[in-house]
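Structure, as structure tokens:
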Amino acid sequence: MEVRLLLLVFICLHALHWAASAQQPEEATVIVKGSTKIAETNKNYICATIDWWPPEKCNYNQCPWGQSSILNLDLDHPFLAQAIQAFDNLRIRLGGSLQDRVVYDVGTNSPCTPFTNISNGLFGFSDGCLSMDRWDKLNALFQKTGAIITFGLNALYGRYNVRRSFWAGKWNSTNAYNFVKYTISKGYPVDSWEYGNELSGHGIGARVDATLYGKDAIELKSIFQQLYKAPLSQPSLLAPGGFFDQQWYTQLLQTSGHGVVSALTHHIYNLGGGNDAHLIRKILDPKYLDRSEDTYRDMQLTLQRHGTWASAWVSESGGVFNNGGELVSNTFINSIWYLDQLGMASKYNTKVFCRQTLIGGHYGLLDTQTFLPNPDYYSALLWHRLMGREVLSVDINAPPRKLRAYAHCRKQQQGITLLLINLNNTTGYNVTLQNDINVSLDKTASLHKHNSFSHSLRRAVSWLGRKPSSDVARREEYHLTAKDGDLQSKTMLLNGAPLELSDDGGVPAMSPALVAVNSPVYLAPTSIAFVVLPMFEAKACS
């Protein structure tokens, strides 16, 4: 009996020791280089899409689109306008796979019919039609909410399928011309028109030769010059809205020539398909996440060599293709992927980053059925409110490579904002913040080591509401974690409190914890933090 008791005590002590060591935070240092900016985004970097997919769009026995498309979305839903207005001027990109089968019901004699399933259609659907009545209603919403609109035009109109996915023939611009003319006549301020969707390189479903595409861009640019009388009122021309292929994109720029294409747009779906069983593992794998960096870098190099007049946009990015991943794309874990991509893309002068979708599929910022915000909605909103345009370089010293860090000038205020992401699901970090100009924010307090388990627990909850004394310099912290530690929870916690709509149905206030600037930032396992340093000395931000 005594032997059993001693064995039980030993097991319990061993378990306690293991639990303490498992939660013992690692020490990490992040050095922000505020002397010069390394890149710059547009003011409205955050963007979201509305797609054309009808309810019949299904993959893996799942049909998650419902009434969320450009043609059938409930534009009068009470929260939809509020969700857009929270971003002040949210950029919305209207487009997607079926845009190259859309007919605009202006100047045509054919009946205006919706998309229907057909076996021999592109992506299994017939042509669809956008009525001008629906276009009017969409613009009423956009003008009410202050949304900035990017519209994707049909680049296959008049063309024909030659073999497999290759399409040839001359683009018939008549329908696009009439649609743009109607839009101008109604005073609808479309900021930019994007030509085609996923027709570049090998294409998705269909592809077009880059030389033909470049000639089309010249024609479309001449249409804008003809219809928009004042030069300053001319919208931007974007292309090609596809997956980056360096040779194809280079040929597009060389054919279209100087000043025709304002931005090269590309898509990011780097996690795999919606039925991939390893999505969470990929999101938490730094080596896997880093693969996207090659695309952003190569796009930047292509523009530097062949199109210095143009910029780079991500005009569609859902991470997981074919509708997104159920209980991944619409849960907390996806914010780790999403915010990491926002940070990574910004380092390479990406001007706009459009999330697939605002609503629709599993990857909507809003739930397709309820319109309630998914975790990524709040992540996007915090980025929009806190991260400024100027991008700063950072150095990270953190074992093992599970800490991600991105720094920008603070949004329209003095100081900087730091985005920290912990990919480690068992270990937190005590992050010391340093400035490369004066080495450390506080040379004495910030370098202290805290080795006790009890201290780690205190640090883990210290940002839940405790405020430093008024005579201490303070920073703002916004810690994002999953409810109950469930990475696939649809409820995100901000500083320990659930992010939920307010009693009146509005977007909740997202207030920071105020923390003494001379203490390390404790970053819990698999968590995210925005850290605002108002007094950080950064010449690039002055």
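We label chains A, B, ... in the order they appear in the structure tokens, count residues from 1 in each chain, and number ligands from 1 in the order shown.
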
Pick out the residues sitting within 7 Å of region 293-297 of chain A, and hand them over as a PDB file with N, CA, C and O atoms, in the first residue's frame; count only C-alpha atoms, and ignore anything fewer than 4 positions along from it in its own chain.
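Result file is part.pdb:
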ATOM      1  N   LEU A 301       9.854  41.977 -57.776  1.00  0.00           N
ATOM      2  CA  LEU A 301      10.967  42.022 -58.727  1.00  0.00           C
ATOM      3  C   LEU A 301      10.469  42.222 -60.155  1.00  0.00           C
ATOM      4  O   LEU A 301      11.072  42.957 -60.942  1.00  0.00           O
ATOM      5  N   MET A 344       3.066  39.724 -44.158  1.00  0.00           N
ATOM      6  CA  MET A 344       4.073  39.302 -45.124  1.00  0.00           C
ATOM      7  C   MET A 344       3.925  40.046 -46.445  1.00  0.00           C
ATOM      8  O   MET A 344       4.905  40.537 -47.026  1.00  0.00           O
ATOM      9  N   ALA A 345       2.698  40.146 -46.946  1.00  0.00           N
ATOM     10  CA  ALA A 345       2.461  40.824 -48.224  1.00  0.00           C
ATOM     11  C   ALA A 345       2.854  42.296 -48.153  1.00  0.00           C
ATOM     12  O   ALA A 345       3.420  42.858 -49.100  1.00  0.00           O
ATOM     13  N   TYR A 348       6.398  43.560 -49.035  1.00  0.00           N
ATOM     14  CA  TYR A 348       6.837  43.571 -50.429  1.00  0.00           C
ATOM     15  C   TYR A 348       6.037  44.566 -51.267  1.00  0.00           C
ATOM     16  O   TYR A 348       5.789  44.355 -52.447  1.00  0.00           O
TER      17      TYR A 348
END

Q.
At a cut-off of 12 Å, using only C-alpha atoms, what residues contact Val391 (chain A)? Leave out same-chain residues fewer than 6 positions from it and give the result as an NGL selection string.
A. :A and (32-42 or 342-351 or 405-411 or 416-419 or 538 or 540-541)

Q: Please indicate the distance in Å from CA of Val394 (chain A) to CA of Ser511 (chain A), rounded to one decimal place.
A: 25.8 Å

Q) Counting only C-alpha atoms, what is within 8 Å of Glu477 (chain A), bar same-chain residues fewer than 2 positions away, as a list in words? A)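 Residues near the query, excluding close chain neighbours: Trp463, Arg475, His479, Pro512, Ala513, Leu514, Val515, Ala529, Phe530, Val531 and Val532 of chain A.
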
If you keep C-alpha atoms, can you produce a file of those selected residues as a JSON list (two decimals), in the first residue's frame?
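The result, written out as out-v8.json:
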[["chain", "number", "residue", "atom", "x", "y", "z"],
["A", 463, "TRP", "CA", -3.22, 42.13, -19.54],
["A", 475, "ARG", "CA", 1.49, 50.99, -24.31],
["A", 479, "HIS", "CA", -4.42, 40.08, -27.25],
["A", 512, "PRO", "CA", -6.89, 47.78, -25.33],
["A", 513, "ALA", "CA", -5.22, 46.81, -22.10],
["A", 514, "LEU", "CA", -2.84, 49.53, -20.89],
["A", 515, "VAL", "CA", 0.52, 48.14, -19.84],
["A", 529, "ALA", "CA", -1.27, 40.47, -30.17],
["A", 530, "PHE", "CA", -1.33, 43.99, -31.57],
["A", 531, "VAL", "CA", 0.96, 46.19, -29.49],
["A", 532, "VAL", "CA", 0.76, 49.97, -29.90]]

Q. Could you write out, as a ChimeraX atom specification, all the residues of region 287-415 of chain A that DSSP marks as helix (DSSP H, G or I)?
A. /A:287-306,332-346,375-386

Those residues you just picked out, can you put them in a file as a compact mmCIF listing (two decimals), in the first residue's frame with N, CA and C atoms?
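As a result, result_16.txt now contains:
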# COMPACT_ATOMS: atom_id res chain seq x y z
N LYS A 287 7.65 27.17 -41.73
CA LYS A 287 8.25 26.89 -43.03
C LYS A 287 7.19 26.86 -44.13
N TYR A 288 6.03 26.33 -43.80
CA TYR A 288 4.96 26.30 -44.80
C TYR A 288 4.45 27.71 -45.08
N LEU A 289 4.25 28.49 -44.04
CA LEU A 289 3.78 29.86 -44.23
C LEU A 289 4.76 30.68 -45.07
N ASP A 290 6.05 30.44 -44.87
CA ASP A 290 7.07 31.22 -45.56
C ASP A 290 7.08 31.00 -47.07
N ARG A 291 6.46 29.93 -47.54
CA ARG A 291 6.47 29.67 -48.98
C ARG A 291 5.84 30.80 -49.78
N SER A 292 4.85 31.46 -49.21
CA SER A 292 4.18 32.56 -49.92
C SER A 292 5.13 33.73 -50.17
N GLU A 293 6.16 33.83 -49.37
CA GLU A 293 7.07 34.96 -49.48
C GLU A 293 7.73 35.01 -50.86
N ASP A 294 7.99 33.84 -51.45
CA ASP A 294 8.59 33.80 -52.78
C ASP A 294 7.69 34.48 -53.82
N THR A 295 6.38 34.25 -53.70
CA THR A 295 5.44 34.88 -54.64
C THR A 295 5.46 36.39 -54.51
N TYR A 296 5.38 36.89 -53.28
CA TYR A 296 5.39 38.34 -53.07
C TYR A 296 6.70 38.96 -53.56
N ARG A 297 7.80 38.28 -53.27
CA ARG A 297 9.11 38.80 -53.69
C ARG A 297 9.24 38.81 -55.21
N ASP A 298 8.82 37.72 -55.87
CA ASP A 298 8.93 37.63 -57.33
C ASP A 298 8.02 38.66 -58.01
N MET A 299 6.86 38.91 -57.44
CA MET A 299 5.98 39.94 -57.99
C MET A 299 6.64 41.31 -57.89
N GLN A 300 7.25 41.60 -56.75
CA GLN A 300 7.93 42.87 -56.56
C GLN A 300 9.08 43.03 -57.57
N LEU A 301 9.85 41.98 -57.78
CA LEU A 301 10.97 42.02 -58.73
C LEU A 301 10.47 42.22 -60.16
N THR A 302 9.36 41.57 -60.51
CA THR A 302 8.79 41.72 -61.86
C THR A 302 8.40 43.16 -62.12
N LEU A 303 7.80 43.80 -61.15
CA LEU A 303 7.41 45.20 -61.31
C LEU A 303 8.63 46.12 -61.37
N GLN A 304 9.63 45.84 -60.56
CA GLN A 304 10.84 46.67 -60.59
C GLN A 304 11.55 46.59 -61.93
N ARG A 305 11.50 45.42 -62.57
CA ARG A 305 12.23 45.22 -63.83
C ARG A 305 11.41 45.61 -65.06
N HIS A 306 10.08 45.43 -65.01
CA HIS A 306 9.29 45.57 -66.23
C HIS A 306 8.10 46.52 -66.12
N PHE A 332 -11.01 30.68 -35.14
CA PHE A 332 -9.87 31.45 -34.64
C PHE A 332 -8.56 31.12 -35.35
N ILE A 333 -8.30 29.84 -35.59
CA ILE A 333 -7.01 29.43 -36.14
C ILE A 333 -6.69 30.14 -37.45
N ASN A 334 -7.73 30.49 -38.22
CA ASN A 334 -7.48 31.12 -39.51
C ASN A 334 -6.93 32.53 -39.38
N SER A 335 -7.19 33.19 -38.26
CA SER A 335 -6.65 34.54 -38.07
C SER A 335 -5.13 34.52 -38.00
N ILE A 336 -4.57 33.42 -37.57
CA ILE A 336 -3.11 33.30 -37.56
C ILE A 336 -2.60 33.33 -38.99
N TRP A 337 -3.24 32.55 -39.88
CA TRP A 337 -2.85 32.57 -41.29
C TRP A 337 -3.11 33.94 -41.91
N TYR A 338 -4.30 34.48 -41.68
CA TYR A 338 -4.73 35.71 -42.35
C TYR A 338 -3.84 36.90 -41.97
N LEU A 339 -3.63 37.10 -40.68
CA LEU A 339 -2.82 38.23 -40.26
C LEU A 339 -1.36 38.06 -40.66
N ASP A 340 -0.88 36.83 -40.66
CA ASP A 340 0.49 36.59 -41.12
C ASP A 340 0.63 36.95 -42.60
N GLN A 341 -0.37 36.61 -43.41
CA GLN A 341 -0.32 36.96 -44.83
C GLN A 341 -0.40 38.47 -45.03
N LEU A 342 -1.24 39.15 -44.25
CA LEU A 342 -1.32 40.61 -44.35
C LEU A 342 0.04 41.23 -44.05
N GLY A 343 0.69 40.75 -43.00
CA GLY A 343 1.99 41.28 -42.65
C GLY A 343 3.05 40.97 -43.68
N MET A 344 3.07 39.72 -44.16
CA MET A 344 4.07 39.30 -45.12
C MET A 344 3.92 40.05 -46.44
N ALA A 345 2.70 40.15 -46.95
CA ALA A 345 2.46 40.82 -48.22
C ALA A 345 2.85 42.30 -48.15
N SER A 346 2.59 42.93 -47.02
CA SER A 346 2.88 44.36 -46.89
C SER A 346 4.37 44.64 -46.99
N PRO A 375 -14.18 35.24 -36.54
CA PRO A 375 -12.98 35.83 -35.93
C PRO A 375 -12.16 36.72 -36.87
N ASP A 376 -12.03 36.32 -38.13
CA ASP A 376 -11.20 37.12 -39.04
C ASP A 376 -11.76 38.51 -39.30
N TYR A 377 -13.06 38.70 -39.10
CA TYR A 377 -13.63 40.05 -39.25
C TYR A 377 -12.97 40.99 -38.24
N TYR A 378 -12.89 40.53 -36.99
CA TYR A 378 -12.31 41.38 -35.95
C TYR A 378 -10.81 41.55 -36.17
N SER A 379 -10.14 40.52 -36.67
CA SER A 379 -8.71 40.64 -36.98
C SER A 379 -8.48 41.69 -38.06
N ALA A 380 -9.31 41.66 -39.09
CA ALA A 380 -9.20 42.64 -40.18
C ALA A 380 -9.46 44.05 -39.66
N LEU A 381 -10.45 44.19 -38.79
CA LEU A 381 -10.82 45.51 -38.28
C LEU A 381 -9.71 46.09 -37.39
N LEU A 382 -9.10 45.25 -36.57
CA LEU A 382 -7.99 45.72 -35.75
C LEU A 382 -6.81 46.15 -36.62
N TRP A 383 -6.49 45.34 -37.64
CA TRP A 383 -5.41 45.75 -38.55
C TRP A 383 -5.73 47.12 -39.15
N HIS A 384 -6.95 47.27 -39.66
CA HIS A 384 -7.35 48.51 -40.32
C HIS A 384 -7.22 49.72 -39.38
N ARG A 385 -7.56 49.53 -38.13
CA ARG A 385 -7.56 50.65 -37.19
C ARG A 385 -6.19 50.96 -36.60
N LEU A 386 -5.31 49.96 -36.54
CA LEU A 386 -4.06 50.13 -35.81
C LEU A 386 -2.81 50.22 -36.68

Q: Measuring atom to atom with only C-alpha atoms, identify which of A:Ala497, A:Ala239, A:Val102, A:Met510 is nearest to Glu198 (chain A).
A: A:Ala239

**Q.** Counting only C-alpha atoms, the residue of A:Ala168, A:Ile31, A:Ala310, A:Leu499 that sits nearest Leu237 (chain A)
**A.**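 Closest residue, counting only C-alpha atoms: A:Ala310.
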
Q | Pick from A:Arg101, A:Arg159, A:Lys137, A:Arg91, whichever lies nearest to Trp53 (chain A) using only C-alpha atoms | A |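 Answer, going by the shortest atom-to-atom distance: A:Arg101.
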
Q. Could you pull the residues within 8 Å of region 109-112 of chain A, counting only C-alpha atoms, minus those fewer than 3 positions along the same chain, as a PyMOL selection string?
A. chain A and resi 105+128-131

Writing out the chosen residues with all heavy atoms as a short mmCIF file (atom, residue, chain, number, x, y, z; two decimals), in the first residue's frame:
data_model
loop_
_atom_site.label_atom_id
_atom_site.label_comp_id
_atom_site.auth_asym_id
_atom_site.auth_seq_id
_atom_site.Cartn_x
_atom_site.Cartn_y
_atom_site.Cartn_z
N ASP A 105 -26.75 43.48 -68.39
CA ASP A 105 -28.04 43.67 -69.07
C ASP A 105 -28.25 45.14 -69.44
O ASP A 105 -29.13 45.82 -68.92
CB ASP A 105 -29.17 43.18 -68.18
CG ASP A 105 -30.50 43.14 -68.92
OD1 ASP A 105 -30.49 42.94 -70.15
OD2 ASP A 105 -31.54 43.31 -68.26
N GLY A 128 -24.36 33.91 -66.78
CA GLY A 128 -25.28 34.59 -65.88
C GLY A 128 -25.43 36.04 -66.30
O GLY A 128 -24.71 36.52 -67.18
N CYS A 129 -26.32 36.76 -65.65
CA CYS A 129 -26.61 38.13 -66.07
C CYS A 129 -26.75 39.04 -64.86
O CYS A 129 -27.35 38.68 -63.85
CB CYS A 129 -27.90 38.14 -66.89
SG CYS A 129 -28.44 39.78 -67.41
N LEU A 130 -26.16 40.22 -64.97
CA LEU A 130 -26.31 41.28 -63.97
C LEU A 130 -27.28 42.31 -64.52
O LEU A 130 -26.97 43.01 -65.49
CB LEU A 130 -24.96 41.92 -63.66
CG LEU A 130 -25.00 43.15 -62.73
CD1 LEU A 130 -25.50 42.76 -61.33
CD2 LEU A 130 -23.61 43.81 -62.63
N SER A 131 -28.45 42.42 -63.90
CA SER A 131 -29.42 43.44 -64.33
C SER A 131 -29.00 44.79 -63.81
O SER A 131 -28.32 44.90 -62.78
CB SER A 131 -30.81 43.09 -63.81
OG SER A 131 -30.89 43.30 -62.41
#

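Excluding Thr145 (chain A) and any residue on its chain fewer than 6 positions from it, the residues at most 12 Å away by only C-alpha atoms are Leu75, Phe79, Leu80, Ala81, Gln82, Ala83, Ile84, Gln85, Ala86, Phe87, Asp88, Asn89, Leu90, Arg91, Ile92, Leu138 and Asn139 of chain A.
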
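Taking CA of Leu94 (chain A) and CA of Trp313 (chain A) as the two end points, the separation is 14.6 Å.
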
Q. What is the distance, in Å and to one decimal place, between CA of Tyr45 (chain A) and CA of Gly307 (chain A)?
A. 20.8 Å

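Near region 207-212 of chain A, within 8 Å and counting only C-alpha atoms, sit Ser165, Phe166, Trp167, Ala168, Lys170, Glu198, Leu199, Ser200, Gly201, His202, Gly203, Asp216, Trp248, Tyr249, Gln251, Leu252 and Thr255 of chain A; same-chain residues fewer than 4 positions away were not included.
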
Let me see the file: selected residues, N, CA, C and O atoms, as a tab-separated table (two decimals), in the first residue's frame.
chain	number	residue	atom	x	y	z
A	165	SER	N	-8.40	24.03	-71.84
A	165	SER	CA	-8.76	25.28	-71.15
A	165	SER	C	-8.35	26.52	-71.93
A	165	SER	O	-8.56	27.64	-71.47
A	166	PHE	N	-7.79	26.34	-73.13
A	166	PHE	CA	-7.27	27.49	-73.88
A	166	PHE	C	-8.38	28.18	-74.67
A	166	PHE	O	-9.12	27.54	-75.43
A	167	TRP	N	-8.48	29.51	-74.50
A	167	TRP	CA	-9.49	30.32	-75.20
A	167	TRP	C	-8.77	31.29	-76.14
A	167	TRP	O	-7.73	31.84	-75.81
A	168	ALA	N	-9.36	31.46	-77.31
A	168	ALA	CA	-8.77	32.33	-78.34
A	168	ALA	C	-9.85	33.24	-78.91
A	168	ALA	O	-11.01	33.23	-78.48
A	170	LYS	N	-10.88	37.32	-80.55
A	170	LYS	CA	-10.80	38.70	-80.08
A	170	LYS	C	-11.84	38.97	-79.00
A	170	LYS	O	-12.98	38.53	-79.10
A	198	GLU	N	-8.43	34.86	-63.11
A	198	GLU	CA	-7.70	33.58	-63.14
A	198	GLU	C	-7.57	33.00	-64.55
A	198	GLU	O	-7.73	31.80	-64.77
A	199	LEU	N	-7.23	33.88	-65.51
A	199	LEU	CA	-6.99	33.47	-66.89
A	199	LEU	C	-5.50	33.49	-67.23
A	199	LEU	O	-5.11	33.17	-68.35
A	200	SER	N	-4.67	33.86	-66.27
A	200	SER	CA	-3.23	33.98	-66.51
A	200	SER	C	-2.54	32.63	-66.40
A	200	SER	O	-3.07	31.68	-65.80
A	201	GLY	N	-1.33	32.55	-66.97
A	201	GLY	CA	-0.54	31.32	-66.87
A	201	GLY	C	-1.31	30.12	-67.39
A	201	GLY	O	-1.83	30.12	-68.51
A	202	HIS	N	-1.39	29.08	-66.58
A	202	HIS	CA	-2.14	27.88	-66.95
A	202	HIS	C	-3.65	28.06	-66.73
A	202	HIS	O	-4.43	27.23	-67.19
A	203	GLY	N	-4.03	29.11	-66.06
A	203	GLY	CA	-5.43	29.41	-65.85
A	203	GLY	C	-6.11	28.44	-64.90
A	203	GLY	O	-5.58	27.37	-64.58
A	216	ASP	N	-5.79	43.58	-75.09
A	216	ASP	CA	-7.11	43.89	-74.51
A	216	ASP	C	-7.00	45.02	-73.50
A	216	ASP	O	-7.88	45.89	-73.42
A	248	TRP	N	4.37	35.02	-67.79
A	248	TRP	CA	3.09	35.53	-68.30
A	248	TRP	C	2.88	36.98	-67.89
A	248	TRP	O	2.51	37.83	-68.71
A	249	TYR	N	3.12	37.29	-66.60
A	249	TYR	CA	2.92	38.65	-66.10
A	249	TYR	C	3.88	39.62	-66.77
A	249	TYR	O	3.52	40.77	-67.08
A	251	GLN	N	5.12	39.36	-69.81
A	251	GLN	CA	4.64	39.58	-71.17
A	251	GLN	C	3.45	40.53	-71.19
A	251	GLN	O	3.33	41.37	-72.09
A	252	LEU	N	2.58	40.41	-70.21
A	252	LEU	CA	1.45	41.34	-70.12
A	252	LEU	C	1.93	42.78	-70.01
A	252	LEU	O	1.43	43.67	-70.71
A	255	THR	N	3.60	43.96	-73.37
A	255	THR	CA	2.65	44.18	-74.46
A	255	THR	C	1.79	45.41	-74.22
A	255	THR	O	1.60	46.23	-75.12

Q.
Just checking: using only C-alpha atoms, which residue out of A:Val328, A:Asn323, A:Ser502, A:Thr526 ends up closest to Asn422 (chain A)?
A.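 With only C-alpha atoms as the atom set, the closest residue is A:Thr526.
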